[in-house]
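Participant: Below is the structure I would like to discuss, written out as structure tokens.
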Amino acid sequence: MKNFLEVFLGILTAMGGDVEVGELTFALNAGSKFEYALLPVVLLGTLGIVVYGEMAGRVAAVAQQPVFGLMRERNGLAVGLLTLICALLVNVMTCSAEIGAVAVVLELAAGWHYRLCILAALAFLLVASWVLPFEGIERTFGLMGLLMTVFLVSAIAMQPDWGEVAAGFLPHAPPVRSSSDYVLFAYYAVALLSAIMLPYEVYFYSSGGIEDGWKPSDIKVNRFVSITGFTLGSLLCVSFILIGAQMLRPLQLDVQLPGTAVLAPAQEFGRWGVVFALTGMFFTFCGAAIETAFSGAYALAQFYGWPWGKFRAPRKAARFTIGWIVLFVLAALIMLSGVDPIQVVEYSIVFSVVILPLTYLPTLVVARDRIYMKQHVNGPLANALGVFYLVLITLAALSAIPLLVLTHGGKG
Amino acid sequence: MNAHWDLARDLLDHELLDVDGMPCGRVDDIELEDCGDGRLRITALLSGSAARAPRQPAIVRWLMHTLDARAIRRIAWNEVAKIDSAMHLRSPAHALGLDGTERRFARWVARLPGS
């Protein structure tokens, strides 16, 4: 019975903690601009993160080290250093976007001045990360993030044409007015894929496995939780596309800030819809901010061989602790400088896809290595899917910057 | 222990764990001795920013030179108790002088409540 509860909580936590502001923004806009044409990308991305999430979790359980910890010894100093620098830059950017999103939610909810909201968000994140143990962080932000299901319910309440939605999952040509819209469609496809398969998710999931003390006996449970959790999390992504298509498309509204998303639950459920949505977004975005800051700190400490982890007291993992504190502060400073949070979101997603191959290749390499994985090495299915997705994300990585330029920063 | 090692694959850049399992750096370089008959013997593992320097790109070397990063710590080969994916050492980190930087930062962190 206890095991069942653990698994159930694990799935809910994974589901509630899956969405971050980039995925929300791009999914809403995808629905608004291209109706259901990007639903196949959600399917594609979900399978990708399931495949690599499972691999990263398995590596942690068997090799008793997270993927990044094995990166430097497996790929050498130069590649490891390049990956570290890219990971740190992208994590700071993404963390910054999430903090900005939290601040926007606070501004909507409490009416405080935006900059004060950023400082409040920073203070909350620092205190929560310091005080809560790892499992406490996972559970709190994951479970409270489940309030985001109000968006799923809102999307259903809008009563879309379910036949059209189902057909949308089959790849089809997007409804476009001009040929330049095809380029914009390609940009959105790449961005949405990136938002679902963000690098920090793999790192955090792997280090989290060590924090949670996984052993080889936990592999089957981990597999079930990761498949179910990530899949259910993608249901939310689908909801945002549906909301974009149903509500924003007829109004020709662009998502300028995460607040636009709240219109849907507001319309369907009034005041309580807004309360659930804002609370859900607050915890989900805070959770994503924590994951990105910690991913950066994990990567730094593991690369240099410093003691790391929330399972150690802060003074026993001093440089790791200072690492995530500094990352939070840097991310907040970027937002305080007055940059447009939506711009930061956009760039963080685009640069994430550029470094996706750097993240995923080492994961695949280690998961295939019998010396580390013994009898739990990749089977033919994991290998085939792993290689398929590596090729796919490399193509996406190569096309991301050109598409960003061609679409004038995603404006078309 | 093995008679022969693939230095790059099995030793270099691997993690150092002290007797209590605490990470205390990575193998940044390896000290070898010429046995005189064409074979080389490992005498020590080296850890620290200066030990990494020759393998780093020029700009990183310049940066470290500017910051005057000269740390090299030497771990005698007989200090290594076991090798799997990490080097397990016989002694605690402070006995081997591997925890200096971590302790310096720990003094700062220890000032915060609940550390």
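Here's how to read the names in the structure tokens: chain A, B, ... by the order shown, residue numbers from 1 in each chain, ligand numbers from 1 in the order shown.
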Counting only C-alpha atoms, which residues in chain A sit no more than 8 Å from chain B? For each one, give the nearest pair of atoms and the distance in Å, sorted by chain then residue number, as CSV.

Facilitator:
residue,atom,partner,partner_atom,distance
A:Arg72,CA,B:Asp13,CA,6.2
A:Glu73,CA,B:Asp13,CA,4.7
A:Arg74,CA,B:Arg9,CA,7.2
A:Gly76,CA,B:Asp13,CA,7.0
A:Leu77,CA,B:Asp13,CA,7.1
A:Ala78,CA,B:Gln56,CA,6.7
A:Val131,CA,B:Gly114,CA,7.7
A:Tyr304,CA,B:Gly25,CA,5.9
A:Gly305,CA,B:Gly25,CA,4.0
A:Trp306,CA,B:Pro23,CA,5.7
A:Pro307,CA,B:Pro23,CA,5.0
A:Ala313,CA,B:Ser115,CA,6.0
A:Pro314,CA,B:Ser115,CA,5.0
A:Arg315,CA,B:Ala106,CA,4.9
A:Lys316,CA,B:Ala106,CA,6.9
A:Ala317,CA,B:Ala106,CA,7.6
A:Ala318,CA,B:Ala106,CA,4.9
A:Arg319,CA,B:Phe105,CA,6.3
A:Thr321,CA,B:Val109,CA,7.9
A:Ile322,CA,B:Val109,CA,7.6
A:Tyr372,CA,B:Ser85,CA,7.5

Participant: Which neighbours of Gln246 of chain A fall inside 8 Å, counting only C-alpha atoms, when residues of the same chain fewer than 5 positions from it are skipped, and could you give them as a ChimeraX atom specification?

Facilitator: /A:31-32,158,160

Participant: Taking 2 positions as the minimum chain separation for residues in the same chain, which residues sit within 10 Å of Leu235 of chain A when counting only C-alpha atoms? Answer as a short mmCIF file (atom, residue, chain, number, x, y, z; two decimals) with N, CA and C atoms, in the first residue's frame.

Facilitator:
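Final output, out_26.cif:
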data_model
loop_
_atom_site.label_atom_id
_atom_site.label_comp_id
_atom_site.auth_asym_id
_atom_site.auth_seq_id
_atom_site.Cartn_x
_atom_site.Cartn_y
_atom_site.Cartn_z
N MET A 15 3.82 15.12 -13.01
CA MET A 15 2.84 15.80 -13.87
C MET A 15 2.73 17.28 -13.52
N VAL A 19 5.25 21.53 -16.55
CA VAL A 19 5.10 22.70 -17.42
C VAL A 19 5.98 23.84 -16.93
N VAL A 42 3.74 17.76 -30.15
CA VAL A 42 3.61 17.45 -28.73
C VAL A 42 3.80 15.94 -28.51
N LEU A 43 3.17 15.15 -29.39
CA LEU A 43 3.34 13.70 -29.31
C LEU A 43 4.81 13.32 -29.46
N THR A 46 6.90 14.43 -26.45
CA THR A 46 6.60 13.66 -25.24
C THR A 46 7.31 12.32 -25.28
N THR A 149 -4.25 21.82 -13.65
CA THR A 149 -5.25 21.04 -14.37
C THR A 149 -6.52 21.86 -14.63
N PHE A 151 -6.55 24.34 -16.34
CA PHE A 151 -6.44 24.66 -17.76
C PHE A 151 -6.94 23.51 -18.61
N LEU A 152 -6.65 22.29 -18.16
CA LEU A 152 -7.12 21.10 -18.89
C LEU A 152 -8.65 21.07 -18.86
N PHE A 230 5.42 12.21 -17.35
CA PHE A 230 5.71 13.09 -18.49
C PHE A 230 4.54 13.12 -19.46
N THR A 231 3.88 11.97 -19.65
CA THR A 231 2.74 11.93 -20.59
C THR A 231 1.59 12.78 -20.07
N LEU A 232 1.26 12.62 -18.79
CA LEU A 232 0.18 13.42 -18.22
C LEU A 232 0.54 14.90 -18.26
N GLY A 233 1.83 15.20 -18.03
CA GLY A 233 2.28 16.59 -18.10
C GLY A 233 2.05 17.16 -19.49
N CYS A 237 0.13 20.59 -21.94
CA CYS A 237 0.62 21.27 -23.15
C CYS A 237 -0.45 21.25 -24.22
N VAL A 238 -1.09 20.10 -24.38
CA VAL A 238 -2.19 19.98 -25.35
C VAL A 238 -3.32 20.94 -24.99
N SER A 239 -3.62 21.05 -23.68
CA SER A 239 -4.67 21.97 -23.24
C SER A 239 -4.38 23.38 -23.67
N PHE A 240 -3.11 23.81 -23.54
CA PHE A 240 -2.78 25.18 -23.92
C PHE A 240 -2.94 25.38 -25.41
N ILE A 241 -2.62 24.37 -26.21
CA ILE A 241 -2.85 24.49 -27.66
C ILE A 241 -4.35 24.62 -27.93
#

Participant: Identify, on the basis of only C-alpha atoms, every residue whose closest approach to Val19 of chain B does not exceed 8 Å; exclude the query and any residue fewer than 3 positions from it along the same chain; express the result as a CSV table (one decimal) with N, CA, C and O atoms, in the first residue's frame.

Facilitator:
chain,number,residue,atom,x,y,z
B,22,MET,N,33.0,11.0,0.3
B,22,MET,CA,32.8,12.4,-0.1
B,22,MET,C,33.6,12.7,-1.3
B,22,MET,O,34.8,12.4,-1.4
B,88,HIS,N,38.6,5.5,-5.2
B,88,HIS,CA,38.3,5.5,-3.8
B,88,HIS,C,39.6,5.5,-3.0
B,88,HIS,O,40.4,4.7,-3.2
B,89,LEU,N,39.7,6.6,-2.2
B,89,LEU,CA,41.0,6.8,-1.4
B,89,LEU,C,40.9,6.2,0.0
B,89,LEU,O,39.8,6.0,0.5
B,90,ARG,N,42.1,5.9,0.5
B,90,ARG,CA,42.1,5.3,1.8
B,90,ARG,C,41.9,6.2,3.0
B,90,ARG,O,41.5,5.8,4.1
B,91,SER,N,42.1,7.5,2.8
B,91,SER,CA,42.1,8.5,3.9
B,91,SER,C,41.0,9.5,3.7
B,91,SER,O,40.4,9.6,2.6
B,92,PRO,N,40.6,10.2,4.8
B,92,PRO,CA,39.6,11.3,4.6
B,92,PRO,C,40.2,12.5,3.9
B,92,PRO,O,41.4,12.6,3.8
B,93,ALA,N,39.4,13.3,3.3
B,93,ALA,CA,39.8,14.4,2.4
B,93,ALA,C,40.8,15.3,3.1
B,93,ALA,O,41.8,15.8,2.5

Participant: Between atom CA of Arg61 of chain B and atom CA of Tyr298 of chain A, what is the distance in Å, rounded to a tenth?

Facilitator: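 Between these atoms lies a distance of 23.9 Å.
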
Participant: Using only C-alpha atoms, which residues sit within 10 Å of Ala382 of chain A once same-chain residues fewer than 5 positions away are excluded, as a list in words?

Facilitator: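 Surrounding residues, per the criterion: Val51, Tyr52, Glu54, Met55, Leu364, Ala367, Arg368, Val377, Val387 and Phe388 of chain A.
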
Participant: So, with only C-alpha atoms as the atoms that count, which of A:Phe224, A:Trp112, A:Phe8, A:Phe204 lies closest to Gly296 of chain A?

Facilitator: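 With only C-alpha atoms as the atom set, the closest residue is A:Phe204.
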
Participant: Record the distance separating atom CA of Thr43 of chain B and atom CA of Gly100 of chain B, expressed in Å with one decimal.

Facilitator: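 According to the coordinates, atom CA of Thr43 of chain B and atom CA of Gly100 of chain B are separated by 22.8 Å.
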
Participant: Find the residues near Ile325 of chain A: any atom within 12 Å, counting only C-alpha atoms, skip ones fewer than 5 places away on the same chain, and give them as a ChimeraX atom specification.

Facilitator: /A:92,95,122-123,125-130,289-290,292-294,296-297,314,318-320,330-332 /B:109

Participant: Convert the current residue selection to file output with C-alpha atoms, as a PDB file, in the first residue's frame.

Facilitator:
ATOM      1  CA  VAL A  92      20.454  31.003 -16.004  1.00  0.00           C
ATOM      2  CA  CYS A  95      15.635  30.388 -14.539  1.00  0.00           C
ATOM      3  CA  LEU A 122      13.683  35.518  -5.314  1.00  0.00           C
ATOM      4  CA  ALA A 123      13.252  35.596  -1.530  1.00  0.00           C
ATOM      5  CA  LEU A 125      12.784  30.641  -3.892  1.00  0.00           C
ATOM      6  CA  LEU A 126      15.897  31.074  -1.735  1.00  0.00           C
ATOM      7  CA  VAL A 127      14.071  30.301   1.494  1.00  0.00           C
ATOM      8  CA  ALA A 128      12.122  27.350   0.086  1.00  0.00           C
ATOM      9  CA  SER A 129      15.259  25.814  -1.470  1.00  0.00           C
ATOM     10  CA  TRP A 130      17.250  26.279   1.730  1.00  0.00           C
ATOM     11  CA  ALA A 289      13.018  28.052 -11.455  1.00  0.00           C
ATOM     12  CA  ILE A 290      14.282  25.726  -8.736  1.00  0.00           C
ATOM     13  CA  THR A 292      16.963  25.156 -13.500  1.00  0.00           C
ATOM     14  CA  ALA A 293      19.026  26.746 -10.711  1.00  0.00           C
ATOM     15  CA  PHE A 294      19.726  23.355  -9.159  1.00  0.00           C
ATOM     16  CA  GLY A 296      23.197  24.442 -13.001  1.00  0.00           C
ATOM     17  CA  ALA A 297      24.600  23.874  -9.529  1.00  0.00           C
ATOM     18  CA  PRO A 314      24.553  23.100   3.206  1.00  0.00           C
ATOM     19  CA  ALA A 318      29.305  24.602   0.413  1.00  0.00           C
ATOM     20  CA  ARG A 319      30.292  25.398  -3.175  1.00  0.00           C
ATOM     21  CA  PHE A 320      27.202  23.580  -4.510  1.00  0.00           C
ATOM     22  CA  LEU A 330      21.877  36.195 -11.298  1.00  0.00           C
ATOM     23  CA  ALA A 331      18.557  35.134 -12.804  1.00  0.00           C
ATOM     24  CA  ALA A 332      16.699  37.701 -10.696  1.00  0.00           C
TER      25      ALA A 332
ATOM     26  CA  VAL B 109      27.853  29.064   4.354  1.00  0.00           C
TER      27      VAL B 109
END
